[in-house]
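Text of protein_31.txt (compact mmCIF, C-alpha atoms) as supplied:
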# COMPACT_ATOMS: atom_id res chain seq x y z
CA MET A 273 17.57 -27.72 -43.47
CA ARG A 274 21.25 -28.62 -43.67
CA GLU A 275 20.64 -30.31 -47.00
CA LEU A 276 18.99 -27.15 -48.36
CA LEU A 277 21.94 -25.03 -47.20
CA ARG A 278 24.46 -27.45 -48.70
CA GLU A 279 22.64 -27.52 -52.05
CA THR A 280 22.27 -23.72 -52.04
CA LYS A 281 25.99 -23.35 -51.36
CA THR A 282 26.77 -25.71 -54.25
CA ILE A 283 24.62 -23.71 -56.70
CA PHE A 284 26.14 -20.47 -55.42
CA LEU A 285 29.71 -21.73 -55.82
CA LYS A 286 28.91 -23.02 -59.31
CA ASP A 287 27.71 -19.55 -60.32
CA VAL A 288 30.73 -17.86 -58.75
CA LEU A 289 33.19 -20.21 -60.46
CA THR A 290 31.40 -19.78 -63.79
CA GLU A 291 31.65 -16.00 -63.42
CA ILE A 292 35.32 -16.13 -62.46
CA ARG A 293 36.02 -18.11 -65.61
CA SER A 294 33.95 -15.99 -68.00
CA ARG A 295 34.01 -12.53 -66.35
CA ALA A 296 31.02 -11.59 -68.50
CA PHE A 297 28.62 -10.55 -65.73
CA LEU A 298 31.00 -8.38 -63.75
CA GLY A 299 32.72 -6.85 -66.76
CA THR A 300 29.53 -5.87 -68.54
CA THR A 301 27.62 -4.62 -65.54
CA PHE A 302 30.62 -2.81 -64.06
CA MET A 303 31.26 -0.89 -67.28
CA PHE A 304 27.57 -0.13 -67.65
CA ALA A 305 27.30 1.28 -64.11
CA ILE A 306 30.41 3.42 -64.55
CA LEU A 307 29.13 4.73 -67.89
CA VAL A 308 25.76 5.65 -66.35
CA ILE A 309 27.49 7.62 -63.60
CA ILE A 310 29.82 9.39 -66.03
CA ILE A 311 27.08 10.22 -68.54
CA PHE A 312 24.82 11.68 -65.84
CA ASN A 313 27.77 13.66 -64.51
CA PHE A 314 27.97 15.46 -67.85
CA ALA A 315 24.22 15.48 -68.56
CA PHE A 316 23.19 17.55 -65.55
CA GLU A 317 24.40 20.94 -64.47
CA LEU A 318 25.65 20.02 -61.04
CA ARG A 319 25.93 22.78 -58.47
CA PRO A 320 26.57 22.50 -54.73
CA ASP A 321 22.88 23.12 -54.00
CA ASN A 322 21.45 20.44 -56.33
CA THR A 323 24.17 17.77 -56.29
CA PRO A 324 22.94 15.90 -53.16
CA LYS A 325 19.41 15.73 -54.58
CA LEU A 326 20.47 14.45 -58.00
CA ALA A 327 23.34 12.24 -56.90
CA SER A 328 21.32 9.67 -54.98
CA GLY A 329 18.96 9.14 -57.90
CA ILE A 330 21.86 8.76 -60.31
CA LEU A 331 23.50 6.19 -58.05
CA TRP A 332 20.31 4.14 -57.77
CA ILE A 333 19.76 4.29 -61.53
CA ALA A 334 23.26 2.89 -62.02
CA PHE A 335 22.63 0.12 -59.45
CA LEU A 336 19.21 -0.88 -60.76
CA PHE A 337 20.10 -0.82 -64.45
CA SER A 338 23.33 -2.75 -63.97
CA GLY A 339 21.52 -5.20 -61.67
CA THR A 340 18.83 -5.75 -64.28
CA LEU A 341 21.50 -6.33 -66.89
CA GLY A 342 23.13 -8.86 -64.59
CA LEU A 343 19.86 -10.65 -63.85
CA GLY A 344 19.34 -11.27 -67.54
CA ARG A 345 22.78 -12.84 -67.68
CA SER A 346 22.29 -15.11 -64.65
CA PHE A 347 19.91 -17.53 -66.35
CA GLN A 348 21.23 -16.96 -69.85
CA VAL A 349 24.26 -19.06 -68.87
CA GLU A 350 21.92 -21.86 -67.84
CA ARG A 351 19.92 -21.68 -71.07
CA GLU A 352 23.01 -22.27 -73.17
CA ASN A 353 23.30 -25.95 -74.11
CA ASP A 354 20.07 -26.65 -72.18
CA CYS A 355 21.83 -26.61 -68.82
CA ILE A 356 18.65 -25.29 -67.22
CA ASN A 357 17.01 -28.65 -67.84
CA GLY A 358 19.97 -30.42 -66.25
CA LEU A 359 19.78 -28.10 -63.28
CA THR A 360 16.07 -28.69 -62.77
CA LEU A 361 16.48 -32.45 -63.24
CA SER A 362 19.27 -32.64 -60.67
CA PRO A 363 18.27 -34.14 -57.31
CA VAL A 364 18.24 -30.83 -55.47
CA ASP A 365 15.37 -28.90 -53.99
CA ARG A 366 14.04 -26.15 -56.26
CA MET A 367 14.34 -23.67 -53.41
CA SER A 368 18.08 -24.31 -53.23
CA ILE A 369 18.36 -23.45 -56.93
CA TYR A 370 16.47 -20.22 -56.33
CA TRP A 371 18.42 -19.24 -53.20
CA GLY A 372 21.75 -20.19 -54.76
CA LYS A 373 21.03 -18.04 -57.81
CA THR A 374 19.79 -15.19 -55.61
CA ALA A 375 22.91 -15.33 -53.42
CA GLY A 376 25.08 -15.26 -56.53
CA ASN A 377 23.23 -12.28 -57.96
CA ILE A 378 23.44 -10.38 -54.66
CA THR A 379 27.15 -11.11 -54.40
CA PHE A 380 27.83 -9.90 -57.95
CA LEU A 381 25.82 -6.72 -57.39
CA VAL A 382 27.63 -6.00 -54.11
CA VAL A 383 31.00 -6.44 -55.85
CA ILE A 384 29.90 -3.94 -58.50
CA GLN A 385 28.71 -1.51 -55.85
CA ILE A 386 32.00 -1.76 -53.96
CA VAL A 387 33.79 -0.57 -57.09
CA VAL A 388 31.18 1.93 -58.33
CA VAL A 389 30.57 3.83 -55.07
CA PRO A 390 34.15 5.18 -54.78
CA VAL A 391 34.05 6.33 -58.42
CA PHE A 392 30.71 7.97 -57.68
CA ILE A 393 32.10 9.72 -54.58
CA VAL A 394 35.02 11.12 -56.55
CA LEU A 395 32.96 12.30 -59.54
CA TYR A 396 30.16 13.90 -57.53
CA ASN A 397 32.22 15.08 -54.54
CA ILE A 398 29.76 13.63 -52.04
CA ASN A 399 30.56 13.08 -48.37
CA VAL A 400 29.09 9.69 -47.51
CA MET A 401 30.89 9.16 -44.21
CA GLU A 402 28.33 11.04 -42.12
CA HIS A 403 25.59 8.54 -43.09
CA PHE A 404 27.76 5.55 -44.00
CA ILE A 405 26.04 2.95 -41.76
CA LEU A 406 22.55 4.03 -42.85
CA MET A 407 23.55 4.12 -46.52
CA THR A 408 25.16 0.67 -46.33
CA THR A 409 22.11 -0.79 -44.59
CA VAL A 410 19.74 0.62 -47.19
CA ILE A 411 21.91 -0.62 -50.06
CA ILE A 412 22.15 -4.16 -48.63
CA LEU A 413 18.42 -4.41 -47.90
CA THR A 414 17.57 -3.06 -51.34
CA ASP A 415 19.99 -5.50 -52.97
CA PHE A 416 18.33 -8.39 -51.17
CA GLY A 417 14.81 -7.33 -52.15
CA PHE A 418 15.71 -6.40 -55.73
CA MET A 419 17.65 -9.59 -56.41
CA SER A 420 15.08 -11.82 -54.69
CA VAL A 421 12.29 -10.63 -56.95
CA GLY A 422 14.59 -10.21 -59.94
CA THR A 423 15.91 -13.78 -59.73
CA LEU A 424 12.37 -15.15 -59.69
CA LEU A 425 11.38 -13.04 -62.71
CA SER A 426 14.61 -13.93 -64.49
CA ALA A 427 13.95 -17.64 -63.92
CA MET A 428 10.43 -17.21 -65.23
CA SER A 429 11.59 -15.46 -68.37
CA ALA A 430 14.29 -18.09 -68.95
CA ASN A 431 11.70 -20.87 -68.92
CA LEU A 432 8.90 -18.94 -70.58
CA LYS A 433 8.85 -21.16 -73.66
CA ASN A 434 8.21 -24.24 -71.50
CA PHE A 435 5.34 -22.86 -69.43
CA SER A 436 2.06 -21.47 -70.57
CA SER A 437 1.29 -19.51 -67.43
CA LEU A 438 2.88 -17.95 -64.40
CA SER A 439 1.04 -20.26 -62.02
CA SER A 440 2.29 -23.42 -63.76
CA PHE A 441 5.88 -22.18 -63.52
CA CYS A 442 5.55 -21.26 -59.85
CA ARG A 443 4.09 -24.71 -59.13
CA TYR A 444 6.96 -26.28 -61.07
CA LEU A 445 9.63 -24.24 -59.33
CA PHE A 446 8.43 -24.42 -55.76
CA LEU A 447 6.28 -27.54 -55.48
CA SER A 448 8.22 -30.07 -57.54
Go ahead and render the structure in this file as structure tokens.
Amino acid sequence: MRELLRETKTIFLKDVLTEIRSRAFLGTTFMFAILVIIIFNFAFELRPDNTPKLASGILWIAFLFSGTLGLGRSFQVERENDCINGLTLSPVDRMSIYWGKTAGNITFLVVIQIVVVPVFIVLYNINVMEHFILMTTVIILTDFGFMSVGTLLSAMSANLKNFSSLSSFCRYLFLS
């Protein structure tokens, strides 16, 4: 168990350091999320009676679209120069690769949300303090679920040329 945690931490730190050097994931997804919020602010006729109903959907659209954009980037870095093969050939458990990538994706999405939510509050004039704990809990649980499934699907699409079926990839990833 300790070995799995150590390997997961190593993969996670590798992803974080790669992102700090390139700033591609955070820059692209941050700008995309802000643009989604601003565009929807002008696209809808917001009134005090319909703003709370529309605002939550707009916020989740920004989170999910920017998260999807980020998921595509997470394994694209590994595909460059065939690093994905080096990663899978390294003497680490496949689950640590998955959990390290998932932890990195969750961290990047949370960083984006920390910046996007205040912009959202200002643009839409929403009071989030009355339900702050509930909202934070829902966002964190959704991030975990979304990025857990998204990382698996992103890994599958990154290695699609090497595997003829979903079952062969899942066997490769989890049973090797």
Using only C-alpha atoms, which protein or nucleic acid residues come within 12 Å of Phe316 of chain A? Drop anything in the same chain fewer than 4 positions from it, and give the result as a PyMOL selection string. chain A and resi 309-312+322-323+325-327+330+396
Go ahead and write the residues just picked, C-alpha atoms, as a PDB file, in the frame of the given file.
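What ended up in part-v9.pdb:
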ATOM      1  CA  ILE A 309      27.490   7.620 -63.600  1.00  0.00           C
ATOM      2  CA  ILE A 310      29.820   9.390 -66.030  1.00  0.00           C
ATOM      3  CA  ILE A 311      27.080  10.220 -68.540  1.00  0.00           C
ATOM      4  CA  PHE A 312      24.820  11.680 -65.840  1.00  0.00           C
ATOM      5  CA  ASN A 322      21.450  20.440 -56.330  1.00  0.00           C
ATOM      6  CA  THR A 323      24.170  17.770 -56.290  1.00  0.00           C
ATOM      7  CA  LYS A 325      19.410  15.730 -54.580  1.00  0.00           C
ATOM      8  CA  LEU A 326      20.470  14.450 -58.000  1.00  0.00           C
ATOM      9  CA  ALA A 327      23.340  12.240 -56.900  1.00  0.00           C
ATOM     10  CA  ILE A 330      21.860   8.760 -60.310  1.00  0.00           C
ATOM     11  CA  TYR A 396      30.160  13.900 -57.530  1.00  0.00           C
TER      12      TYR A 396
END
Rounded to one decimal place, report the atom CA of Val410 of chain A-atom CA of Gly342 of chain A distance in Å. 20.1 Å
Skipping near chain neighbours, those fewer than 4 positions away, what residues fall within 8 Å of Leu343 of chain A using only C-alpha atoms, listed as a ChimeraX atom specification? /A:339,347,377,419,422-423,426
Which protein, DNA or RNA residues have an atom at most 10 Å from (28.7, 15.5, -54.5), counting only C-alpha atoms? List them as a ChimeraX atom specification. /A:318-328,392-400
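Between atom CA of Leu336 of chain A and atom CA of Thr290 of chain A the separation is 22.7 Å.
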Test item: residues at most 10 Å from segment 275-288 of chain A, only C-alpha atoms, excluding those fewer than 6 positions along its chain, as JSON, numbers by chain: {"A": [294, 295, 346, 349, 350, 359, 363, 364, 365, 366, 367, 368, 369, 370, 371, 372, 373, 374, 375, 376, 377, 379, 380]}
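Comparing A:Asn313, A:Gln385, A:Ser429, A:Asn357 by their smallest distance to Ile411 of chain A, the closest is A:Gln385 (using only C-alpha atoms).
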Which one of A:Leu406, A:Ala334, A:Ala315, A:Ile292 sits closest to Ile384 of chain A if you count only C-alpha atoms? A:Ala334
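The two atoms in question, atom CA of Thr414 of chain A and atom CA of Leu298 of chain A, are spaced 19.0 Å apart.
Distances from A:Ile378, A:Arg351, A:Val388, A:Gly358 to Leu307 of chain A were compared using only C-alpha atoms, and the smallest one belongs to A:Val388.
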Around all the atoms of segment 360-379 of chain A listed in the file, draw an axis-aligned box and extend it by 6 Å on each of the six sides; I want its centre and edge lengths in Å to one decimal, as AutoDock Vina command-line options.
--center_x 20.6 --center_y -22.3 --center_z -58.2 --size_x 25.1 --size_y 35.8 --size_z 22.0
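With distances restricted to all atoms listed in the file, A:Val387 is the closest residue to Ala305 of chain A from A:Met273, A:Leu289, A:Val387, A:Leu361.
Counting only C-alpha atoms, the residue from A:Met428, A:Val391, A:Ile405, A:Ile306 that sits nearest to Phe337 of chain A is A:Ile306.
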